[in-house]
$ cat start.cif   # mmCIF, C-alpha atoms
data_coords
loop_
_atom_site.label_atom_id
_atom_site.label_comp_id
_atom_site.auth_asym_id
_atom_site.auth_seq_id
_atom_site.Cartn_x
_atom_site.Cartn_y
_atom_site.Cartn_z
CA MET A 23 72.52 172.76 119.71
CA THR A 24 71.49 170.79 122.78
CA SER A 25 72.80 171.26 126.26
CA ARG A 26 75.19 169.00 128.15
CA PHE A 27 72.28 167.43 130.04
CA GLY A 28 69.70 167.54 127.23
CA ILE A 29 66.79 169.83 126.50
CA ALA A 30 64.41 167.43 128.27
CA THR A 31 66.10 168.38 131.54
CA LEU A 32 64.44 171.80 131.26
CA LEU A 33 61.07 170.17 131.71
CA LEU A 34 62.13 167.79 134.48
CA LEU A 35 64.62 169.53 136.73
CA VAL A 36 62.95 171.34 139.62
CA ILE A 37 65.20 173.12 142.08
CA SER A 38 64.32 174.45 145.52
CA VAL A 39 67.68 175.76 146.70
CA VAL A 40 67.53 179.51 147.35
CA ALA A 41 70.39 180.37 149.73
CA PRO A 42 73.24 180.06 147.17
CA LEU A 43 71.40 182.44 144.84
CA GLN A 44 71.04 185.06 147.52
CA ALA A 45 74.79 184.94 148.16
CA LEU A 46 75.72 185.85 144.57
CA GLU A 47 77.54 189.16 144.30
CA LEU A 48 75.98 190.87 141.31
CA GLN A 49 75.69 194.44 140.18
CA ASP A 50 74.07 196.35 137.40
CA PHE A 51 76.21 197.99 134.75
CA ASN A 52 76.18 201.26 136.71
CA GLY A 53 77.90 199.57 139.66
CA LYS A 54 74.83 199.28 141.92
CA ALA A 55 74.54 196.03 143.91
CA ALA A 56 71.68 193.83 142.74
CA LYS A 57 70.19 190.40 143.32
CA ILE A 58 68.10 188.09 141.19
CA GLU A 59 65.41 188.42 143.85
CA ASP A 60 65.11 192.10 142.93
CA PHE A 61 63.56 190.93 139.64
CA SER A 62 61.65 187.79 140.66
CA GLY A 63 58.33 187.31 142.44
CA LYS A 64 56.66 190.22 140.70
CA GLY A 65 53.68 188.24 139.41
CA LYS A 66 55.41 187.21 136.18
CA TRP A 67 57.70 184.40 135.16
CA LEU A 68 61.36 185.42 135.18
CA VAL A 69 63.74 183.85 132.69
CA VAL A 70 67.36 184.46 133.68
CA MET A 71 69.83 184.07 130.82
CA ILE A 72 73.39 183.58 132.06
CA TRP A 73 75.79 184.60 129.31
CA ALA A 74 79.38 185.51 128.42
CA HIS A 75 80.47 187.97 125.75
CA ASP A 76 82.49 185.32 123.89
CA CYS A 77 79.92 182.50 124.06
CA HIS A 78 78.96 181.48 120.52
CA VAL A 79 75.48 180.23 121.48
CA CYS A 80 74.85 183.31 123.63
CA ASN A 81 75.65 185.52 120.66
CA GLN A 82 73.32 183.49 118.44
CA GLU A 83 70.43 183.44 120.91
CA ALA A 84 70.55 186.88 122.57
CA SER A 85 68.23 188.52 120.04
CA ASN A 86 65.66 185.70 120.42
CA TYR A 87 65.51 186.34 124.16
CA ASP A 88 65.22 190.07 123.52
CA PHE A 89 62.22 189.42 121.23
CA PHE A 90 60.76 187.11 123.91
CA HIS A 91 61.19 189.81 126.56
CA ASP A 92 59.56 192.46 124.38
CA ALA A 93 56.65 190.15 123.52
CA TYR A 94 55.89 189.08 127.10
CA LYS A 95 57.13 191.84 129.44
CA ASP A 96 53.70 193.44 129.66
CA LYS A 97 51.96 190.07 129.94
CA THR A 98 53.37 186.98 131.65
CA ALA A 99 57.19 186.92 131.61
CA THR A 100 60.36 188.97 131.65
CA VAL A 101 64.01 188.25 130.96
CA LEU A 102 67.01 189.15 133.09
CA GLY A 103 70.47 188.74 131.63
CA ILE A 104 73.50 188.02 133.78
CA SER A 105 76.96 188.34 132.30
CA ILE A 106 79.54 186.10 133.96
CA ASP A 107 82.39 188.01 132.35
CA GLY A 108 83.31 189.65 135.66
CA LEU A 109 84.27 193.26 136.18
CA ALA A 110 87.63 192.74 134.45
CA LYS A 111 85.73 192.20 131.19
CA LYS A 112 82.90 194.65 131.83
CA ALA A 113 83.63 196.61 128.63
CA LYS A 114 83.31 193.42 126.56
CA ALA A 115 80.03 192.59 128.32
CA GLU A 116 78.75 196.11 127.59
CA ALA A 117 79.71 195.64 123.93
CA PHE A 118 77.68 192.39 123.87
CA ILE A 119 74.62 194.26 125.19
CA ALA A 120 75.07 197.03 122.64
CA ARG A 121 75.81 194.65 119.75
CA HIS A 122 72.55 192.77 120.37
CA ASN A 123 70.61 195.92 121.33
CA LEU A 124 69.25 194.17 124.40
CA SER A 125 66.23 195.80 126.00
CA PHE A 126 66.01 193.50 129.01
CA PRO A 127 67.95 194.37 132.17
CA ASN A 128 71.40 192.87 132.65
CA LEU A 129 73.61 192.33 135.67
CA ILE A 130 77.24 191.27 135.89
CA GLY A 131 78.89 188.66 138.07
CA ASN A 132 81.70 186.18 137.64
CA SER A 133 82.02 182.68 136.26
CA GLN A 134 83.44 181.03 139.38
CA GLU A 135 80.51 182.16 141.55
CA PHE A 136 78.03 180.73 139.06
CA LYS A 137 80.02 177.52 138.73
CA GLN A 138 79.83 177.15 142.52
CA LEU A 139 76.12 177.97 142.52
CA PHE A 140 75.28 175.37 139.88
CA SER A 141 77.45 172.82 141.71
CA GLU A 142 75.40 173.40 144.86
CA ILE A 143 71.97 173.22 143.23
CA SER A 144 72.63 170.49 140.67
CA PRO A 145 74.28 167.15 141.48
CA GLU A 146 74.64 166.47 137.74
CA PHE A 147 76.55 169.70 137.25
CA ALA A 148 78.83 168.95 140.21
CA LYS A 149 79.66 165.51 138.79
CA ALA A 150 80.50 166.96 135.36
CA GLY A 151 83.65 168.59 136.74
CA TRP A 152 83.71 171.74 134.58
CA GLN A 153 86.51 174.16 135.35
CA ALA A 154 84.33 177.20 134.61
CA MET A 155 80.65 177.92 134.17
CA PRO A 156 79.48 176.83 130.72
CA THR A 157 77.21 179.25 128.92
CA PRO A 158 74.49 179.90 128.25
CA GLY A 159 72.72 178.90 131.42
CA PHE A 160 69.12 179.48 132.39
CA LEU A 161 67.17 179.87 135.59
CA ILE A 162 63.38 180.13 135.51
CA TYR A 163 61.39 181.55 138.40
CA ASP A 164 57.64 181.19 138.72
CA PRO A 165 55.48 184.30 139.22
CA LYS A 166 55.77 183.96 143.01
CA GLY A 167 59.58 184.05 142.82
CA LYS A 168 60.34 180.35 143.32
CA LEU A 169 63.21 178.92 141.30
CA VAL A 170 61.66 176.05 139.37
CA VAL A 171 64.11 175.24 136.55
CA GLN A 172 67.81 175.46 135.85
CA GLU A 173 69.48 174.41 132.62
CA ILE A 174 72.94 174.59 131.09
CA GLY A 175 73.25 175.06 127.33
CA GLY A 176 71.14 176.57 124.62
CA VAL A 177 67.39 176.41 125.11
CA PRO A 178 65.12 177.51 122.28
CA VAL A 179 62.68 180.22 123.30
CA THR A 180 59.84 178.04 122.04
CA LEU A 181 60.58 175.48 124.78
CA ILE A 182 60.47 178.16 127.45
CA GLU A 183 57.22 179.54 126.04
CA ALA A 184 55.70 176.03 126.11
CA TYR A 185 56.96 175.39 129.65
CA ILE A 186 55.46 178.65 130.91
CA GLU A 187 52.17 177.99 129.15
CA ARG A 188 51.89 174.47 130.62
CA ASN A 189 52.77 175.64 134.13
CA SER A 190 50.87 178.92 134.37
CA ALA A 191 47.60 177.51 135.70
CA GLY A 192 46.89 178.91 139.14
CA PHE A 193 49.07 181.99 138.80
CA ASP A 194 47.55 185.44 138.64
CA ASN A 195 49.96 187.30 136.37
CA LYS A 196 49.09 190.70 137.73
CA ARG A 197 51.45 192.50 140.05
#
$ encode --input "start.cif" --output "structure tokens"
Amino acid sequence: MTSRFGIATLLLLVISVVAPLQALELQDFNGKAAKIEDFSGKGKWLVVMIWAHDCHVCNQEASNYDFFHDAYKDKTATVLGISIDGLAKKAKAEAFIARHNLSFPNLIGNSQEFKQLFSEISPEFAKAGWQAMPTPGFLIYDPKGKLVVQEIGGVPVTLIEAYIERNSAGFDNKR
């Protein structure tokens, strides 16, 4: 399945807006406040998968991103999951994590905050007029912690692997 804007957007869309991301109210599943920045800029690429427990594509792709995380976490990249189910549906989000046996860390936030975020960083998203945040969504940070890609819709892991490989020159992937 392709995204609303097309898979090619993954390779073309470069974003430099940071402030809206820092304003997101996220927490881990133990209730501790967390930010994406807590996971980025650690000398590795960070792939953020934004998901919802009832998203069909998220349920299909979660295990692929878990395999990706396991294959690259000690090398060049890690995955961070962010549920946009909100605290009201935390139990359903926890069931998603358990059902897919996810080994990568996950945070929880809400759909409206992410919809606002994507509206601020993507003119195309703002023009689309969605009432809620479509899932899955992806953010990719380079090893220095700079947001370099955002995408809405399913993205095959192979495209992310290829993107990282093509754009890794000049980065020392050691912490």
$ closest_residue --input "start.cif" --among "A:Asn132, A:Asn52, A:Asn86, A:Ser62" --to "Leu102 of chain A" --atoms "all atoms listed in the file"
A:Ser62
$ closest_residue --input "start.cif" --among "A:Ser105, A:Gln172, A:Thr157, A:Thr180" --to "Ile130 of chain A" --atoms "all atoms listed in the file"
A:Ser105
$ resolve_selection --input "start.cif" --expression "the PyMOL selection byres ((chain A and resi 100) around 10)" --output "PDB file with C-alpha atoms, in the coordinates of the input"
ATOM      1  CA  PHE A  61      63.560 190.930 139.640  1.00  0.00           C
ATOM      2  CA  SER A  62      61.650 187.790 140.660  1.00  0.00           C
ATOM      3  CA  LYS A  64      56.660 190.220 140.700  1.00  0.00           C
ATOM      4  CA  LYS A  66      55.410 187.210 136.180  1.00  0.00           C
ATOM      5  CA  TRP A  67      57.700 184.400 135.160  1.00  0.00           C
ATOM      6  CA  LEU A  68      61.360 185.420 135.180  1.00  0.00           C
ATOM      7  CA  VAL A  69      63.740 183.850 132.690  1.00  0.00           C
ATOM      8  CA  VAL A  70      67.360 184.460 133.680  1.00  0.00           C
ATOM      9  CA  TYR A  87      65.510 186.340 124.160  1.00  0.00           C
ATOM     10  CA  ASP A  88      65.220 190.070 123.520  1.00  0.00           C
ATOM     11  CA  PHE A  90      60.760 187.110 123.910  1.00  0.00           C
ATOM     12  CA  HIS A  91      61.190 189.810 126.560  1.00  0.00           C
ATOM     13  CA  ASP A  92      59.560 192.460 124.380  1.00  0.00           C
ATOM     14  CA  ALA A  93      56.650 190.150 123.520  1.00  0.00           C
ATOM     15  CA  TYR A  94      55.890 189.080 127.100  1.00  0.00           C
ATOM     16  CA  LYS A  95      57.130 191.840 129.440  1.00  0.00           C
ATOM     17  CA  ASP A  96      53.700 193.440 129.660  1.00  0.00           C
ATOM     18  CA  LYS A  97      51.960 190.070 129.940  1.00  0.00           C
ATOM     19  CA  THR A  98      53.370 186.980 131.650  1.00  0.00           C
ATOM     20  CA  ALA A  99      57.190 186.920 131.610  1.00  0.00           C
ATOM     21  CA  VAL A 101      64.010 188.250 130.960  1.00  0.00           C
ATOM     22  CA  LEU A 102      67.010 189.150 133.090  1.00  0.00           C
ATOM     23  CA  PHE A 126      66.010 193.500 129.010  1.00  0.00           C
ATOM     24  CA  PRO A 127      67.950 194.370 132.170  1.00  0.00           C
TER      25      PRO A 127
END
$ closest_residue --input "start.cif" --among "A:Met155, A:Ile58, A:Val179, A:Cys77" --to "Phe118 of chain A" --atoms "all atoms listed in the file"
A:Cys77
$ resolve_selection --input "start.cif" --expression "the PyMOL selection byres ((chain A and resi 76) around 10)" --output "list in words"
Trp73, Ala74, His75, Cys77, His78, Val79, Cys80, Asn81, Asp107, Lys114, Ala115, Phe118 and Thr157 of chain A
$ atom_distance --input "start.cif" --atom1 "atom CA of Leu48 of chain A" --atom2 "atom CA of Tyr185 of chain A"
27.2 Å
$ closest_residue --input "start.cif" --among "A:Glu183, A:Asn189, A:Glu116, A:Ala110" --to "Val170 of chain A" --atoms "all atoms listed in the file"
A:Asn189
$ axis_aligned_box --input "start.cif" --around "segment 83-99 of chain A" --padding-each-side "3 Å" --output "AutoDock Vina command-line options"
--center_x 61.3 --center_y 188.4 --center_z 125.8 --size_x 24.6 --size_y 16.0 --size_z 17.6
$ residues_around --input "start.cif" --residues "Gly192 of chain A" --least-positions-apart "6" --cutoff "12 Å" --atoms "only C-alpha atoms" --output "list in words"
Gly65, Asp164, Pro165, Lys166 and Ile186 of chain A
$ atom_distance --input "start.cif" --atom1 "atom CA of Ala191 of chain A" --atom2 "atom CA of Lys168 of chain A"
15.1 Å
$ atom_distance --input "start.cif" --atom1 "atom CA of Asn128 of chain A" --atom2 "atom CA of Glu59 of chain A"
13.5 Å
$ resolve_selection --input "start.cif" --expression "the PyMOL selection byres ((chain A and resi 71) around 6)" --output "ChimeraX atom specification"
/A:70,72,103,159-160
$ closest_residue --input "start.cif" --among "A:Ala56, A:Gly131, A:Glu83, A:Gln49" --to "Val177 of chain A" --atoms "all atoms listed in the file"
A:Glu83
$ build_atoms --input "start.cif" --residues "segment 157-185 of chain A" --atoms "N, CA and C atoms" --output "PDB file, in the coordinates of the input"
ATOM      1  N   THR A 157      78.286 178.349 129.291  1.00  0.00           N
ATOM      2  CA  THR A 157      77.210 179.250 128.920  1.00  0.00           C
ATOM      3  C   THR A 157      76.615 178.820 127.599  1.00  0.00           C
ATOM      4  N   PRO A 158      75.371 179.196 127.341  1.00  0.00           N
ATOM      5  CA  PRO A 158      74.490 179.900 128.250  1.00  0.00           C
ATOM      6  C   PRO A 158      73.974 178.971 129.349  1.00  0.00           C
ATOM      7  N   GLY A 159      73.405 179.603 130.349  1.00  0.00           N
ATOM      8  CA  GLY A 159      72.720 178.900 131.420  1.00  0.00           C
ATOM      9  C   GLY A 159      71.400 179.606 131.653  1.00  0.00           C
ATOM     10  N   PHE A 160      70.436 178.888 132.170  1.00  0.00           N
ATOM     11  CA  PHE A 160      69.120 179.480 132.390  1.00  0.00           C
ATOM     12  C   PHE A 160      68.571 179.118 133.748  1.00  0.00           C
ATOM     13  N   LEU A 161      67.930 180.070 134.371  1.00  0.00           N
ATOM     14  CA  LEU A 161      67.170 179.870 135.590  1.00  0.00           C
ATOM     15  C   LEU A 161      65.773 180.383 135.281  1.00  0.00           C
ATOM     16  N   ILE A 162      64.759 179.652 135.713  1.00  0.00           N
ATOM     17  CA  ILE A 162      63.380 180.130 135.510  1.00  0.00           C
ATOM     18  C   ILE A 162      62.708 180.167 136.876  1.00  0.00           C
ATOM     19  N   TYR A 163      62.124 181.322 137.164  1.00  0.00           N
ATOM     20  CA  TYR A 163      61.390 181.550 138.400  1.00  0.00           C
ATOM     21  C   TYR A 163      59.907 181.660 138.079  1.00  0.00           C
ATOM     22  N   ASP A 164      59.081 181.057 138.924  1.00  0.00           N
ATOM     23  CA  ASP A 164      57.640 181.190 138.720  1.00  0.00           C
ATOM     24  C   ASP A 164      57.192 182.586 139.157  1.00  0.00           C
ATOM     25  N   PRO A 165      55.941 182.948 138.892  1.00  0.00           N
ATOM     26  CA  PRO A 165      55.480 184.300 139.220  1.00  0.00           C
ATOM     27  C   PRO A 165      55.551 184.671 140.698  1.00  0.00           C
ATOM     28  N   LYS A 166      55.648 183.678 141.576  1.00  0.00           N
ATOM     29  CA  LYS A 166      55.770 183.960 143.010  1.00  0.00           C
ATOM     30  C   LYS A 166      57.232 184.087 143.438  1.00  0.00           C
ATOM     31  N   GLY A 167      58.164 183.880 142.509  1.00  0.00           N
ATOM     32  CA  GLY A 167      59.580 184.050 142.820  1.00  0.00           C
ATOM     33  C   GLY A 167      60.310 182.778 143.201  1.00  0.00           C
ATOM     34  N   LYS A 168      59.694 181.626 143.002  1.00  0.00           N
ATOM     35  CA  LYS A 168      60.340 180.350 143.320  1.00  0.00           C
ATOM     36  C   LYS A 168      61.129 179.847 142.118  1.00  0.00           C
ATOM     37  N   LEU A 169      62.396 179.507 142.349  1.00  0.00           N
ATOM     38  CA  LEU A 169      63.210 178.920 141.300  1.00  0.00           C
ATOM     39  C   LEU A 169      62.668 177.535 140.990  1.00  0.00           C
ATOM     40  N   VAL A 170      62.275 177.315 139.734  1.00  0.00           N
ATOM     41  CA  VAL A 170      61.660 176.050 139.370  1.00  0.00           C
ATOM     42  C   VAL A 170      62.455 175.263 138.324  1.00  0.00           C
ATOM     43  N   VAL A 171      63.346 175.917 137.598  1.00  0.00           N
ATOM     44  CA  VAL A 171      64.110 175.240 136.550  1.00  0.00           C
ATOM     45  C   VAL A 171      65.503 175.842 136.473  1.00  0.00           C
ATOM     46  N   GLN A 172      66.487 174.981 136.231  1.00  0.00           N
ATOM     47  CA  GLN A 172      67.810 175.460 135.850  1.00  0.00           C
ATOM     48  C   GLN A 172      68.286 174.576 134.721  1.00  0.00           C
ATOM     49  N   GLU A 173      69.007 175.155 133.785  1.00  0.00           N
ATOM     50  CA  GLU A 173      69.480 174.410 132.620  1.00  0.00           C
ATOM     51  C   GLU A 173      70.786 175.019 132.137  1.00  0.00           C
ATOM     52  N   ILE A 174      71.682 174.158 131.698  1.00  0.00           N
ATOM     53  CA  ILE A 174      72.940 174.590 131.090  1.00  0.00           C
ATOM     54  C   ILE A 174      72.839 174.293 129.600  1.00  0.00           C
ATOM     55  N   GLY A 175      73.251 175.247 128.780  1.00  0.00           N
ATOM     56  CA  GLY A 175      73.250 175.060 127.330  1.00  0.00           C
ATOM     57  C   GLY A 175      72.112 175.827 126.683  1.00  0.00           C
ATOM     58  N   GLY A 176      72.149 175.848 125.378  1.00  0.00           N
ATOM     59  CA  GLY A 176      71.140 176.570 124.620  1.00  0.00           C
ATOM     60  C   GLY A 176      69.760 175.973 124.794  1.00  0.00           C
ATOM     61  N   VAL A 177      68.778 176.827 124.987  1.00  0.00           N
ATOM     62  CA  VAL A 177      67.390 176.410 125.110  1.00  0.00           C
ATOM     63  C   VAL A 177      66.575 177.295 124.171  1.00  0.00           C
ATOM     64  N   PRO A 178      65.940 176.695 123.176  1.00  0.00           N
ATOM     65  CA  PRO A 178      65.120 177.510 122.280  1.00  0.00           C
ATOM     66  C   PRO A 178      63.997 178.216 123.039  1.00  0.00           C
ATOM     67  N   VAL A 179      63.727 179.431 122.665  1.00  0.00           N
ATOM     68  CA  VAL A 179      62.680 180.220 123.300  1.00  0.00           C
ATOM     69  C   VAL A 179      61.343 179.495 123.237  1.00  0.00           C
ATOM     70  N   THR A 180      61.106 178.751 122.177  1.00  0.00           N
ATOM     71  CA  THR A 180      59.840 178.040 122.040  1.00  0.00           C
ATOM     72  C   THR A 180      59.632 177.036 123.177  1.00  0.00           C
ATOM     73  N   LEU A 181      60.699 176.404 123.649  1.00  0.00           N
ATOM     74  CA  LEU A 181      60.580 175.480 124.780  1.00  0.00           C
ATOM     75  C   LEU A 181      60.214 176.213 126.068  1.00  0.00           C
ATOM     76  N   ILE A 182      60.789 177.385 126.253  1.00  0.00           N
ATOM     77  CA  ILE A 182      60.470 178.160 127.450  1.00  0.00           C
ATOM     78  C   ILE A 182      59.035 178.655 127.386  1.00  0.00           C
ATOM     79  N   GLU A 183      58.613 179.123 126.203  1.00  0.00           N
ATOM     80  CA  GLU A 183      57.220 179.540 126.040  1.00  0.00           C
ATOM     81  C   GLU A 183      56.268 178.387 126.369  1.00  0.00           C
ATOM     82  N   ALA A 184      56.557 177.195 125.859  1.00  0.00           N
ATOM     83  CA  ALA A 184      55.700 176.030 126.110  1.00  0.00           C
ATOM     84  C   ALA A 184      55.704 175.657 127.585  1.00  0.00           C
ATOM     85  N   TYR A 185      56.869 175.713 128.226  1.00  0.00           N
ATOM     86  CA  TYR A 185      56.960 175.390 129.650  1.00  0.00           C
ATOM     87  C   TYR A 185      56.097 176.362 130.471  1.00  0.00           C
TER      88      TYR A 185
END
